[in-house]
$ cat target01.txt   # compact mmCIF, C-alpha atoms and all ligand atoms
# COMPACT_ATOMS: atom_id res chain seq x y z
CA MET I 160 0.72 -12.34 29.89
CA THR I 161 0.47 -13.29 26.24
CA LYS I 162 -1.70 -11.27 23.91
CA ALA I 163 -1.03 -13.16 20.68
CA VAL I 164 -0.53 -16.92 20.58
CA VAL I 165 0.84 -18.49 17.44
CA LEU I 166 -0.18 -22.14 17.51
CA GLY I 167 2.29 -24.10 15.40
CA SER I 168 5.99 -23.85 14.86
CA GLY I 169 6.18 -24.98 11.25
CA ILE I 170 6.98 -22.57 8.46
CA ILE I 171 3.47 -21.05 8.59
CA GLY I 172 3.64 -20.34 12.33
CA LEU I 173 7.12 -18.86 12.02
CA TYR I 174 6.22 -16.64 9.04
CA THR I 175 3.23 -15.46 11.13
CA VAL I 176 5.53 -14.45 13.98
CA PHE I 177 7.83 -12.71 11.50
CA HIS I 178 4.92 -10.56 10.25
CA LEU I 179 3.70 -9.77 13.77
CA LEU I 180 7.17 -8.48 14.63
CA GLU I 181 7.32 -6.52 11.37
CA LYS I 182 3.97 -4.98 12.23
CA GLN I 183 5.36 -3.72 15.54
CA ILE I 184 3.81 -6.25 17.90
CA LYS I 185 6.03 -6.45 20.99
CA PRO I 186 7.93 -9.76 21.27
CA SER I 187 6.87 -10.04 24.91
CA ASP I 188 3.23 -10.07 23.74
CA ILE I 189 3.76 -13.14 21.52
CA THR I 190 3.99 -16.81 22.53
CA VAL I 191 4.50 -19.73 20.16
CA VAL I 192 2.81 -22.96 21.32
CA ALA I 193 3.41 -26.23 19.48
CA GLU I 194 3.78 -29.94 19.94
CA TYR I 195 6.86 -29.95 17.67
CA PHE I 196 9.65 -27.40 17.30
CA ALA I 197 12.47 -26.94 14.81
CA ASP I 198 14.72 -29.73 16.08
CA ASP I 199 11.91 -32.31 16.29
CA GLN I 200 11.02 -34.95 13.74
CA SER I 201 7.54 -36.38 13.32
CA ILE I 202 5.26 -37.35 10.48
CA ASN I 203 2.85 -34.85 12.06
CA TYR I 204 5.35 -32.00 11.55
CA THR I 205 5.72 -31.39 7.82
CA SER I 206 8.07 -28.43 7.51
CA PRO I 207 11.43 -30.15 8.13
CA TRP I 208 10.72 -32.66 5.32
CA ALA I 209 10.22 -30.12 2.55
CA GLY I 210 12.53 -29.91 -0.47
CA GLY I 211 12.40 -26.88 -0.44
CA ASN I 212 12.36 -24.29 -3.13
CA PHE I 213 10.10 -21.94 -5.04
CA CYS I 214 8.72 -23.54 -8.21
CA ALA I 215 5.61 -23.52 -10.40
CA ILE I 216 3.71 -26.02 -8.22
CA SER I 217 0.95 -23.67 -7.00
CA PRO I 218 -2.58 -23.70 -8.37
CA SER I 219 -3.27 -21.09 -11.08
CA ASP I 220 -6.05 -19.11 -9.41
CA PRO I 221 -5.27 -15.40 -8.92
CA LEU I 222 -5.06 -15.62 -5.11
CA SER I 223 -2.53 -18.48 -5.06
CA LEU I 224 -0.44 -16.73 -7.69
CA GLU I 225 -0.51 -13.52 -5.66
CA MET I 226 0.62 -15.36 -2.50
CA ASP I 227 3.58 -16.86 -4.38
CA LYS I 228 4.51 -13.46 -5.77
CA PHE I 229 4.35 -11.77 -2.37
CA THR I 230 6.57 -14.45 -0.85
CA TYR I 231 9.10 -14.45 -3.70
CA LEU I 232 9.45 -10.67 -3.47
CA ASN I 233 9.61 -10.50 0.34
CA LEU I 234 11.83 -13.44 1.32
CA PHE I 235 14.91 -11.24 1.18
CA LYS I 236 13.58 -9.52 4.34
CA VAL I 237 13.68 -12.81 6.25
CA GLN I 238 17.11 -13.60 4.82
CA LYS I 239 18.39 -10.21 5.96
CA ALA I 240 16.84 -10.47 9.43
CA LEU I 241 18.54 -13.84 9.97
CA GLY I 242 21.94 -12.47 8.97
CA GLY I 243 22.28 -13.24 5.24
CA PRO I 244 22.30 -16.34 3.00
CA GLU I 245 24.74 -18.52 4.94
CA LYS I 246 23.35 -17.75 8.37
CA SER I 247 19.74 -18.25 7.26
CA GLY I 248 20.14 -21.24 4.91
CA LEU I 249 18.11 -19.30 2.36
CA ASP I 250 19.69 -18.46 -0.97
CA MET I 251 18.95 -17.90 -4.65
CA MET I 252 19.96 -20.43 -7.32
CA PRO I 253 19.20 -21.17 -11.00
CA MET I 254 16.02 -23.08 -11.86
CA THR I 255 14.78 -24.81 -15.00
CA GLU I 256 11.24 -26.21 -15.20
CA PHE I 257 9.83 -28.46 -17.92
CA TRP I 258 6.26 -29.50 -18.71
CA ASP I 259 4.94 -32.47 -20.69
CA TYR I 260 1.93 -30.27 -21.51
CA ASP I 261 1.23 -26.57 -21.95
CA PRO I 262 1.19 -24.88 -18.54
CA PRO I 263 -1.77 -22.57 -17.77
CA SER I 264 -1.24 -19.20 -19.42
CA GLU I 265 -2.38 -17.23 -16.34
CA LYS I 266 0.37 -18.90 -14.31
CA LEU I 267 3.02 -18.08 -16.90
CA LYS I 268 1.84 -14.51 -17.16
CA SER I 269 2.11 -14.07 -13.41
CA LEU I 270 5.52 -15.76 -13.07
CA GLN I 271 6.88 -13.74 -15.99
CA SER I 272 5.90 -10.49 -14.26
CA TYR I 273 8.26 -10.86 -11.30
CA LEU I 274 10.68 -13.82 -11.43
CA LYS I 275 14.31 -12.80 -11.68
CA ASP I 276 15.99 -13.76 -15.01
CA PHE I 277 12.75 -15.31 -16.31
CA LYS I 278 13.05 -16.85 -19.77
CA ILE I 279 10.87 -19.13 -21.90
CA LEU I 280 13.07 -21.86 -23.37
CA SER I 281 13.37 -22.03 -27.15
CA ARG I 282 12.59 -25.16 -29.19
CA ASP I 283 16.34 -25.74 -29.56
CA GLU I 284 16.86 -25.58 -25.82
CA LEU I 285 14.00 -28.03 -25.23
CA ALA I 286 15.37 -30.36 -27.90
CA LYS I 287 18.67 -30.57 -25.98
CA LYS I 288 16.82 -32.52 -23.25
CA ASN I 289 16.34 -35.24 -25.85
CA GLU I 290 12.96 -36.08 -24.36
CA PRO I 291 10.14 -35.87 -26.94
CA LYS I 292 7.38 -35.69 -24.31
CA ILE I 293 8.67 -32.33 -23.02
CA LYS I 294 6.56 -29.55 -24.55
CA PHE I 295 7.47 -26.40 -22.67
CA GLY I 296 10.16 -24.99 -20.39
CA ILE I 297 11.20 -21.91 -18.46
CA SER I 298 14.29 -20.83 -16.56
CA TYR I 299 14.74 -18.23 -13.82
CA THR I 300 16.51 -17.58 -10.55
CA THR I 301 14.68 -19.04 -7.57
CA TRP I 302 14.75 -19.31 -3.78
CA ASN I 303 16.24 -22.40 -2.12
CA PHE I 304 15.68 -23.24 1.53
CA ASN I 305 17.77 -25.47 3.75
CA CYS I 306 14.52 -26.32 5.51
CA PRO I 307 15.51 -27.80 8.90
CA PHE I 308 18.31 -25.23 9.30
CA PHE I 309 16.05 -22.36 8.20
CA LEU I 310 13.36 -23.34 10.74
CA LYS I 311 15.99 -23.48 13.47
CA LYS I 312 17.42 -20.09 12.54
CA MET I 313 13.96 -18.52 12.39
CA SER I 314 13.14 -19.89 15.86
CA ASP I 315 16.51 -18.80 17.28
CA TYR I 316 15.98 -15.29 15.88
CA MET I 317 12.54 -15.10 17.48
CA ARG I 318 13.77 -16.44 20.81
CA SER I 319 16.58 -13.88 20.77
CA LYS I 320 13.94 -11.15 20.40
CA GLY I 321 12.26 -12.40 23.58
CA ILE I 322 9.41 -14.49 22.17
CA LEU I 323 8.40 -17.38 24.39
CA PHE I 324 8.17 -20.91 22.91
CA VAL I 325 6.00 -23.39 24.84
CA GLN I 326 6.02 -27.06 23.84
CA ARG I 327 2.57 -28.56 24.32
CA LYS I 328 0.08 -30.70 22.41
CA LEU I 329 -3.42 -29.25 22.52
CA THR I 330 -6.61 -31.25 22.26
CA HIS I 331 -8.87 -28.22 21.82
CA ILE I 332 -8.21 -24.83 20.27
CA SER I 333 -9.56 -23.09 23.41
CA GLN I 334 -6.45 -24.32 25.28
CA ALA I 335 -4.39 -21.92 23.17
CA PHE I 336 -5.91 -18.99 25.06
CA LEU I 337 -3.21 -19.18 27.70
CA ASP I 338 -4.73 -16.61 30.09
CA GLU I 339 -7.32 -13.81 30.13
CA SER I 340 -4.94 -11.48 28.32
CA THR I 341 -4.80 -13.66 25.19
CA LYS I 342 -6.72 -11.78 22.51
CA VAL I 343 -5.89 -13.79 19.42
CA VAL I 344 -4.75 -17.28 18.47
CA PHE I 345 -3.25 -17.83 15.03
CA ASN I 346 -4.05 -21.42 14.18
CA CYS I 347 -1.08 -22.59 12.08
CA THR I 348 -1.39 -26.31 12.77
CA GLY I 349 -1.03 -27.65 9.21
CA ILE I 350 -2.15 -31.26 8.90
CA GLY I 351 -2.95 -31.15 12.65
CA ALA I 352 -5.94 -28.87 11.95
CA ARG I 353 -7.89 -31.90 10.77
CA ASP I 354 -8.08 -33.20 14.35
CA LEU I 355 -7.75 -30.01 16.34
CA VAL I 356 -10.56 -28.02 14.70
CA LYS I 357 -12.26 -31.02 13.05
CA ASP I 358 -11.68 -29.66 9.55
CA HIS I 359 -12.24 -32.75 7.43
CA ASN I 360 -11.35 -30.82 4.29
CA VAL I 361 -7.72 -31.21 5.39
CA PHE I 362 -6.00 -34.28 3.96
CA PRO I 363 -2.41 -35.41 3.36
CA GLY I 364 -0.40 -35.34 0.14
CA ARG I 365 2.39 -37.73 0.98
CA GLY I 366 5.82 -37.05 -0.46
CA GLN I 367 9.00 -39.11 -0.43
CA VAL I 368 12.44 -37.60 -1.02
CA VAL I 369 15.93 -39.04 -1.41
CA VAL I 370 18.76 -36.84 -0.16
CA ILE I 371 22.12 -37.52 -1.81
CA LYS I 372 25.56 -36.00 -1.54
CA ALA I 373 26.14 -34.05 -4.77
CA PRO I 374 28.38 -31.00 -4.38
CA HIS I 375 28.58 -30.67 -8.15
CA ILE I 376 24.88 -29.81 -8.61
CA LYS I 377 24.17 -26.15 -8.00
CA GLU I 378 20.91 -25.78 -9.92
CA ASN I 379 17.23 -26.72 -9.52
CA CYS I 380 15.38 -28.73 -12.13
CA VAL I 381 11.70 -29.74 -12.17
CA ARG I 382 9.63 -31.75 -14.65
CA TRP I 383 5.86 -31.72 -14.56
CA GLY I 384 4.56 -34.92 -16.17
CA LYS I 385 0.88 -35.76 -16.62
CA SER I 386 0.90 -37.89 -13.46
CA THR I 387 4.37 -37.36 -11.98
CA ALA I 388 6.37 -34.49 -10.48
CA THR I 389 10.14 -34.90 -10.64
CA TYR I 390 12.35 -32.42 -8.82
CA ILE I 391 15.99 -31.74 -8.01
CA ILE I 392 16.66 -29.21 -5.25
CA PRO I 393 20.11 -28.24 -3.92
CA ARG I 394 20.01 -27.49 -0.20
CA PRO I 395 22.02 -24.32 0.44
CA TYR I 396 24.87 -24.50 3.02
CA SER I 397 24.09 -28.12 3.90
CA GLN I 398 27.33 -30.00 3.30
CA ASP I 399 26.42 -30.70 -0.32
CA SER I 400 22.95 -32.19 0.09
CA LEU I 401 20.79 -32.53 -3.01
CA VAL I 402 17.09 -33.33 -2.48
CA LEU I 403 15.52 -35.58 -5.12
CA GLY I 404 11.80 -36.20 -5.48
CA GLY I 405 9.11 -36.95 -5.72
CA PHE I 406 5.65 -38.17 -5.08
CA ILE I 407 2.36 -36.47 -4.28
CA GLN I 408 0.14 -39.26 -2.92
CA LYS I 409 -3.17 -37.80 -1.88
CA ASP I 410 -4.93 -39.30 1.16
CA CYS I 411 -1.92 -41.44 2.04
CA TRP I 412 -1.03 -41.07 5.74
CA SER I 413 2.05 -43.27 5.76
CA GLY I 414 5.30 -41.93 7.18
CA ASP I 415 7.16 -45.01 5.94
CA THR I 416 9.56 -44.86 3.02
CA TYR I 417 9.50 -47.37 0.18
CA GLY I 418 12.39 -48.88 -1.78
CA ASP I 419 10.51 -48.91 -5.09
CA GLN I 420 9.77 -45.19 -4.72
CA THR I 421 13.45 -44.48 -3.97
CA GLU I 422 14.43 -46.35 -7.15
CA ASP I 423 11.82 -44.52 -9.19
CA ILE I 424 12.97 -41.12 -7.85
CA LEU I 425 16.63 -41.87 -8.61
CA ARG I 426 15.74 -43.08 -12.11
CA ARG I 427 13.59 -40.05 -12.96
CA THR I 428 15.91 -37.42 -11.51
CA THR I 429 19.09 -38.77 -13.08
CA ALA I 430 17.31 -38.91 -16.46
CA LEU I 431 16.18 -35.32 -16.01
CA LEU I 432 19.61 -34.01 -15.00
CA PRO I 433 22.28 -36.48 -16.22
CA GLN I 434 25.06 -34.37 -14.63
CA ILE I 435 24.02 -35.90 -11.30
CA LEU I 436 25.65 -39.14 -12.48
CA GLU I 437 28.08 -37.83 -15.09
CA GLN I 438 29.94 -35.64 -12.58
CA ASN I 439 29.49 -37.87 -9.53
CA ALA I 440 32.83 -38.32 -7.76
CA HIS I 441 32.26 -42.03 -7.05
CA GLY I 442 31.06 -43.29 -10.42
CA SER I 443 28.38 -42.84 -13.02
CA ARG I 444 25.88 -45.55 -12.06
CA ILE I 445 22.86 -44.94 -9.86
CA GLU I 446 24.37 -47.39 -7.34
CA ASP I 447 27.41 -45.08 -7.08
CA LEU I 448 25.39 -42.21 -5.59
CA GLU I 449 25.88 -41.53 -1.89
CA ILE I 450 22.43 -41.60 -0.29
CA LYS I 451 22.37 -39.56 2.91
CA ARG I 452 18.75 -40.27 3.83
CA VAL I 453 15.32 -41.16 2.52
CA ALA I 454 12.35 -39.42 4.13
CA ALA I 455 8.60 -38.99 3.84
CA GLY I 456 6.36 -36.08 4.80
CA LEU I 457 2.67 -35.18 4.63
CA ARG I 458 1.78 -31.98 2.77
CA PRO I 459 -1.24 -30.31 4.41
CA TYR I 460 -3.68 -30.29 1.48
CA ARG I 461 -7.18 -28.88 1.90
CA HIS I 462 -10.25 -29.19 -0.32
CA GLY I 463 -11.06 -25.61 -1.30
CA GLY I 464 -7.49 -24.40 -0.72
CA PRO I 465 -5.87 -22.87 2.38
CA ARG I 466 -8.12 -21.65 5.17
CA VAL I 467 -7.22 -18.08 6.05
CA GLU I 468 -10.03 -16.49 7.99
CA GLU I 469 -10.85 -14.90 11.30
CA GLU I 470 -13.33 -16.54 13.63
CA GLN I 471 -14.61 -13.93 16.06
CA LEU I 472 -15.30 -15.04 19.63
CA PRO I 473 -16.99 -13.31 22.56
CA GLU I 474 -15.14 -10.57 24.49
CA GLY I 475 -13.29 -9.31 21.43
CA LYS I 476 -11.18 -12.47 21.14
CA SER I 477 -10.58 -14.34 17.94
CA VAL I 478 -8.95 -17.28 16.23
CA VAL I 479 -7.30 -16.55 12.91
CA HIS I 480 -6.96 -19.76 10.96
CA CYS I 481 -4.04 -20.10 8.59
CA TYR I 482 -3.44 -23.67 7.41
CA GLY I 483 -3.73 -25.95 4.40
CA GLN I 484 -0.88 -24.62 2.25
CA ALA I 485 -0.32 -28.10 0.77
CA GLY I 486 2.98 -28.26 -1.18
CA THR I 487 3.64 -24.53 -1.06
CA GLY I 488 4.17 -23.54 2.58
CA TYR I 489 7.66 -22.12 2.05
CA GLN I 490 7.05 -20.51 -1.32
CA SER I 491 3.63 -18.96 -0.66
CA GLY I 492 3.50 -18.81 3.14
CA MET I 493 4.65 -15.23 3.60
CA GLY I 494 1.71 -14.12 1.49
CA TRP I 495 -0.89 -16.16 3.40
CA THR I 496 0.47 -15.19 6.82
CA ASN I 497 0.68 -11.52 5.85
CA THR I 498 -3.02 -11.74 5.00
CA ALA I 499 -3.78 -13.59 8.24
CA THR I 500 -2.01 -11.06 10.45
CA ASP I 501 -3.58 -8.13 8.54
CA LEU I 502 -7.03 -9.66 8.95
CA TRP I 503 -6.71 -9.38 12.67
CA LEU I 504 -4.74 -6.14 12.97
CA ARG I 505 -6.71 -4.13 10.40
CA ARG I 506 -10.09 -5.08 11.76
CA ARG I 507 -9.14 -3.82 15.14
CA SER I 508 -6.67 -1.12 14.22
CA SER I 509 -6.01 -1.21 17.95
CA LYS I 510 -2.52 -1.99 19.09
CA LEU I 511 -1.84 -5.00 21.26
C1 LIG A 1 8.34 -34.03 0.50
C2 LIG A 1 7.87 -32.61 0.62
C3 LIG A 1 8.46 -31.62 -0.16
C4 LIG A 1 8.02 -30.30 -0.06
N1 LIG A 1 8.67 -29.34 -0.80
C5 LIG A 1 8.27 -28.04 -0.71
C6 LIG A 1 8.95 -27.03 -1.43
O1 LIG A 1 9.91 -27.30 -2.14
N2 LIG A 1 8.49 -25.75 -1.32
C7 LIG A 1 7.41 -25.42 -0.53
O2 LIG A 1 7.03 -24.24 -0.48
N3 LIG A 1 6.77 -26.37 0.19
C8 LIG A 1 7.16 -27.66 0.12
N4 LIG A 1 6.51 -28.63 0.83
C9 LIG A 1 5.30 -28.25 1.58
C10 LIG A 1 5.63 -27.63 2.92
O3 LIG A 1 6.53 -28.46 3.60
C11 LIG A 1 4.34 -27.42 3.72
O4 LIG A 1 3.43 -26.64 2.99
C12 LIG A 1 4.63 -26.74 5.04
O5 LIG A 1 5.67 -27.38 5.72
C13 LIG A 1 3.41 -26.69 5.94
O6 LIG A 1 3.80 -25.98 7.08
P1 LIG A 1 2.84 -25.79 8.31
O7 LIG A 1 3.51 -24.83 9.22
O8 LIG A 1 1.46 -25.49 7.85
O9 LIG A 1 2.73 -27.25 8.99
P2 LIG A 1 3.77 -28.05 9.92
O10 LIG A 1 5.15 -27.87 9.48
O11 LIG A 1 3.25 -29.44 9.99
O12 LIG A 1 3.63 -27.37 11.33
C14 LIG A 1 2.47 -27.53 12.11
C15 LIG A 1 2.79 -27.08 13.52
O13 LIG A 1 1.58 -27.14 14.28
C16 LIG A 1 1.82 -27.92 15.45
N5 LIG A 1 0.58 -28.59 15.84
C17 LIG A 1 -0.29 -29.25 15.03
N6 LIG A 1 -1.33 -29.73 15.77
C18 LIG A 1 -1.07 -29.37 17.06
C19 LIG A 1 -1.75 -29.57 18.29
N7 LIG A 1 -2.90 -30.25 18.36
N8 LIG A 1 -1.19 -29.07 19.43
C20 LIG A 1 -0.03 -28.37 19.39
N9 LIG A 1 0.66 -28.16 18.23
C21 LIG A 1 0.13 -28.65 17.11
C22 LIG A 1 2.91 -28.90 15.05
O14 LIG A 1 3.55 -29.44 16.20
C23 LIG A 1 3.81 -27.97 14.24
O15 LIG A 1 4.62 -27.20 15.08
C24 LIG A 1 6.94 -29.96 0.80
C25 LIG A 1 6.38 -30.95 1.61
C26 LIG A 1 6.83 -32.26 1.52
C27 LIG A 1 6.22 -33.29 2.42
$ encode --input "target01.txt" --output "structure tokens" --more "lines below"
Ligand SMILES: Cc1cc2nc3c(=O)[nH]c(=O)nc-3n(C[C@H](O)[C@H](O)[C@H](O)COP(=O)(O)OP(=O)(O)OC[C@H]3O[C@@H](n4cnc5c(N)ncnc54)[C@H](O)[C@@H]3O)c2cc1C
Amino acid sequence: MTKAVVLGSGIIGLYTVFHLLEKQIKPSDITVVAEYFADDQSINYTSPWAGGNFCAISPSDPLSLEMDKFTYLNLFKVQKALGGPEKSGLDMMPMTEFWDYDPPSEKLKSLQSYLKDFKILSRDELAKKNEPKIKFGISYTTWNFNCPFFLKKMSDYMRSKGILFVQRKLTHISQAFLDESTKVVFNCTGIGARDLVKDHNVFPGRGQVVVIKAPHIKENCVRWGKSTATYIIPRPYSQDSLVLGGFIQKDCWSGDTYGDQTEDILRRTTALLPQILEQNAHGSRIEDLEIKRVAAGLRPYRHGGPRVEEEQLPEGKSVVHCYGQAGTGYQSGMGWTNTATDLWLRRRSSKL
């Protein structure tokens, strides 16, 4: 007897479950249904491939900025529930971001209002990068996720509370209503929503990352160029993995990885943070870096932004859609899923 089904076991589905538990829904009333779970790997399962950190990637509209803020300020609750930084694979680390143009002022204003240790870099500090195209920079303390580990720990925590996980691929959303007692389905299917609910606004933003061994790098660094995004993301408690990226290739469905993209990523990231090579234990050439893996993932982009809305069905049932978080699922997802769960709970104000 399941009253709430969460369809999807990516970061959005798991944040949804976290909020349902926080809002006093009984674990025995929740079931997670998904084709892929934390230990699985597929190009149709984006979450394990993420960098992942909190950065200034989000759009600058007020809603997106609010979702980032909510997540940044509430992630410590997830970290605590999972047993702290090491047990969750979620930790805070220094971040520096650079732009080759002036970033939108509304974004800066928002970030400035809540980011820990936020600072706008001075001209002298920018000049130290020795890169004339860089126009603006900020530093702050950010969140870093060890994504595959974090997903696993979230799922383990939920299982330990008594939540049922059912592995199944659905061909129609109605199949998520497991029995007559199912009142609500949270549709957290990411890129899968394109097929499942025929939402053709959903499209992929392919990314490729190179994971190297670099125990000496303990800081994030991002550069926003006019047509490139370059990022360096340490993966907390991961045996020294450093994630280097990246690409955002819209409408590209390929799960393959490409040698020329790997070379480009290594060139851009080592130029951005020369310490990667300078302090590398095995030598200071790009060829001396120890590559652990190269991977590609599809960010669930959506024309018009994420879909977070309730679709009411007969007999008091409903589907609450929550997908399309593009390149921000980890850093904004708590905000979107808090809204999604509230949509359903507030409207009814009845308890499950
Ligand atoms: C290279 C790269 C780097 C990134 N870096 C960051 C970062 O640093 N910070 C950040 O915040 N975000 C980052 N992202 C974005 C982030 O990974 C996504 O926003 C997020 O993973 C989307 O999560 P999701 O739960 O919506 O989708 P998914 O993780 O794809 O999960 C979807 C779930 O739905 C299930 N599902 C789908 N269709 C069906 C069906 N028909 N039947 C049953 N189950 C189904 C799947 O099996 C899966 O369990 C990055 C992404 C990439 C690719």
$ residues_near_ligand --input "target01.txt" --ligand "ligand LIG 1 (chain A)" --cutoff "7 Å" --atoms "all atoms listed in the file" --output "ChimeraX atom specification"
/I:166-172,192-196,203-213,327-330,347-352,355,365-368,405,455-459,482-491
$ atom_distance --input "target01.txt" --atom1 "CA of Phe406 (chain I)" --atom2 "CA of Lys377 (chain I)"
22.3 Å
$ closest_residue --input "target01.txt" --among "I:Val164, I:Met251, I:Val343, I:Ala373" --to "Phe235 (chain I)" --atoms "all atoms listed in the file"
I:Met251
$ axis_aligned_box --input "target01.txt" --around "region 160-176 of chain I" --padding-each-side "4 Å" --output "JSON"
{"center_x": 2.7, "center_y": -18.1, "center_z": 19.2, "size_x": 16.8, "size_y": 21.7, "size_z": 29.4}
$ residues_around --input "target01.txt" --residues "region 176-185 of chain I" --least-positions-apart "2" --cutoff "7 Å" --atoms "only C-alpha atoms" --output "list in words"
Gly172, Leu173, Tyr174, Ser187, Asp188, Asn497, Thr500 and Leu511 of chain I
$ closest_residue --input "target01.txt" --among "I:Lys268, I:Thr190, I:Gly243, I:Leu280" --to "Ser219 (chain I)" --atoms "only C-alpha atoms"
I:Lys268
$ closest_residue --input "target01.txt" --among "I:Pro363, I:Gly442, I:Pro218, I:Gly463" --to "Glu265 (chain I)" --atoms "only C-alpha atoms"
I:Pro218
$ closest_residue --input "target01.txt" --among "I:Leu249, I:Ala499, I:Leu310, I:Met493" --to "Lys228 (chain I)" --atoms "all atoms listed in the file"
I:Met493
$ closest_residue --input "target01.txt" --among "I:Asn346, I:Thr496, I:Gln438, I:Ser319" --to "His480 (chain I)" --atoms "all atoms listed in the file"
I:Asn346
$ closest_residue --input "target01.txt" --among "I:Leu241, I:Cys411, I:Leu425, I:Leu274" --to "Lys311 (chain I)" --atoms "only C-alpha atoms"
I:Leu241
$ atom_distance --input "target01.txt" --atom1 "CA of Glu284 (chain I)" --atom2 "CA of Pro433 (chain I)"
15.5 Å
$ atom_distance --input "target01.txt" --atom1 "CA of Tyr299 (chain I)" --atom2 "CA of Asp276 (chain I)"
4.8 Å
$ residues_near_point --input "target01.txt" --point "(0.3, -16.2, -16.9)" --cutoff "12 Å" --atoms "only C-alpha atoms" --output "PyMOL selection string"
chain I and resi 215+218-221+224-225+261-274
$ residues_around --input "target01.txt" --residues "Ile435 (chain I)" --least-positions-apart "5" --cutoff "10 Å" --atoms "all atoms listed in the file" --output "ChimeraX atom specification"
/I:371-376,391,401,425,428-430,440,443-445,448
$ decode --input "target01.txt" --residues "region 381-392 of chain I" --atoms "N, CA, C and O atoms" --output "PDB file, in the first residue's frame"
ATOM      1  N   VAL I 381      36.247  27.900 -11.618  1.00  0.00           N
ATOM      2  CA  VAL I 381      35.380  27.884 -12.795  1.00  0.00           C
ATOM      3  C   VAL I 381      35.688  29.112 -13.640  1.00  0.00           C
ATOM      4  O   VAL I 381      35.943  30.193 -13.097  1.00  0.00           O
ATOM      5  N   ARG I 382      35.676  28.959 -14.962  1.00  0.00           N
ATOM      6  CA  ARG I 382      35.805  30.125 -15.841  1.00  0.00           C
ATOM      7  C   ARG I 382      34.675  30.103 -16.865  1.00  0.00           C
ATOM      8  O   ARG I 382      34.496  29.113 -17.577  1.00  0.00           O
ATOM      9  N   TRP I 383      33.939  31.190 -16.885  1.00  0.00           N
ATOM     10  CA  TRP I 383      32.837  31.331 -17.840  1.00  0.00           C
ATOM     11  C   TRP I 383      33.333  32.144 -19.026  1.00  0.00           C
ATOM     12  O   TRP I 383      33.503  33.351 -18.922  1.00  0.00           O
ATOM     13  N   GLY I 384      33.599  31.464 -20.151  1.00  0.00           N
ATOM     14  CA  GLY I 384      33.994  32.166 -21.374  1.00  0.00           C
ATOM     15  C   GLY I 384      32.740  32.509 -22.158  1.00  0.00           C
ATOM     16  O   GLY I 384      31.623  32.161 -21.747  1.00  0.00           O
ATOM     17  N   LYS I 385      32.927  33.170 -23.309  1.00  0.00           N
ATOM     18  CA  LYS I 385      31.728  33.532 -24.098  1.00  0.00           C
ATOM     19  C   LYS I 385      31.071  32.282 -24.686  1.00  0.00           C
ATOM     20  O   LYS I 385      29.864  32.220 -24.825  1.00  0.00           O
ATOM     21  N   SER I 386      31.876  31.263 -25.009  1.00  0.00           N
ATOM     22  CA  SER I 386      31.253  30.050 -25.564  1.00  0.00           C
ATOM     23  C   SER I 386      31.783  28.785 -24.885  1.00  0.00           C
ATOM     24  O   SER I 386      31.536  27.684 -25.372  1.00  0.00           O
ATOM     25  N   THR I 387      32.505  28.932 -23.794  1.00  0.00           N
ATOM     26  CA  THR I 387      33.015  27.737 -23.100  1.00  0.00           C
ATOM     27  C   THR I 387      32.780  27.865 -21.590  1.00  0.00           C
ATOM     28  O   THR I 387      32.712  28.971 -21.053  1.00  0.00           O
ATOM     29  N   ALA I 388      32.658  26.705 -20.943  1.00  0.00           N
ATOM     30  CA  ALA I 388      32.598  26.657 -19.479  1.00  0.00           C
ATOM     31  C   ALA I 388      33.714  25.708 -19.051  1.00  0.00           C
ATOM     32  O   ALA I 388      33.750  24.554 -19.480  1.00  0.00           O
ATOM     33  N   THR I 389      34.630  26.209 -18.244  1.00  0.00           N
ATOM     34  CA  THR I 389      35.759  25.395 -17.802  1.00  0.00           C
ATOM     35  C   THR I 389      35.650  25.249 -16.293  1.00  0.00           C
ATOM     36  O   THR I 389      35.488  26.251 -15.595  1.00  0.00           O
ATOM     37  N   TYR I 390      35.691  24.002 -15.811  1.00  0.00           N
ATOM     38  CA  TYR I 390      35.541  23.842 -14.357  1.00  0.00           C
ATOM     39  C   TYR I 390      36.437  22.760 -13.774  1.00  0.00           C
ATOM     40  O   TYR I 390      36.776  21.774 -14.435  1.00  0.00           O
ATOM     41  N   ILE I 391      36.796  23.003 -12.510  1.00  0.00           N
ATOM     42  CA  ILE I 391      37.681  22.114 -11.748  1.00  0.00           C
ATOM     43  C   ILE I 391      36.974  21.857 -10.415  1.00  0.00           C
ATOM     44  O   ILE I 391      36.699  22.807  -9.667  1.00  0.00           O
ATOM     45  N   ILE I 392      36.658  20.575 -10.158  1.00  0.00           N
ATOM     46  CA  ILE I 392      35.815  20.258  -8.996  1.00  0.00           C
ATOM     47  C   ILE I 392      36.416  19.097  -8.201  1.00  0.00           C
ATOM     48  O   ILE I 392      36.390  17.951  -8.659  1.00  0.00           O
TER      49      ILE I 392
END
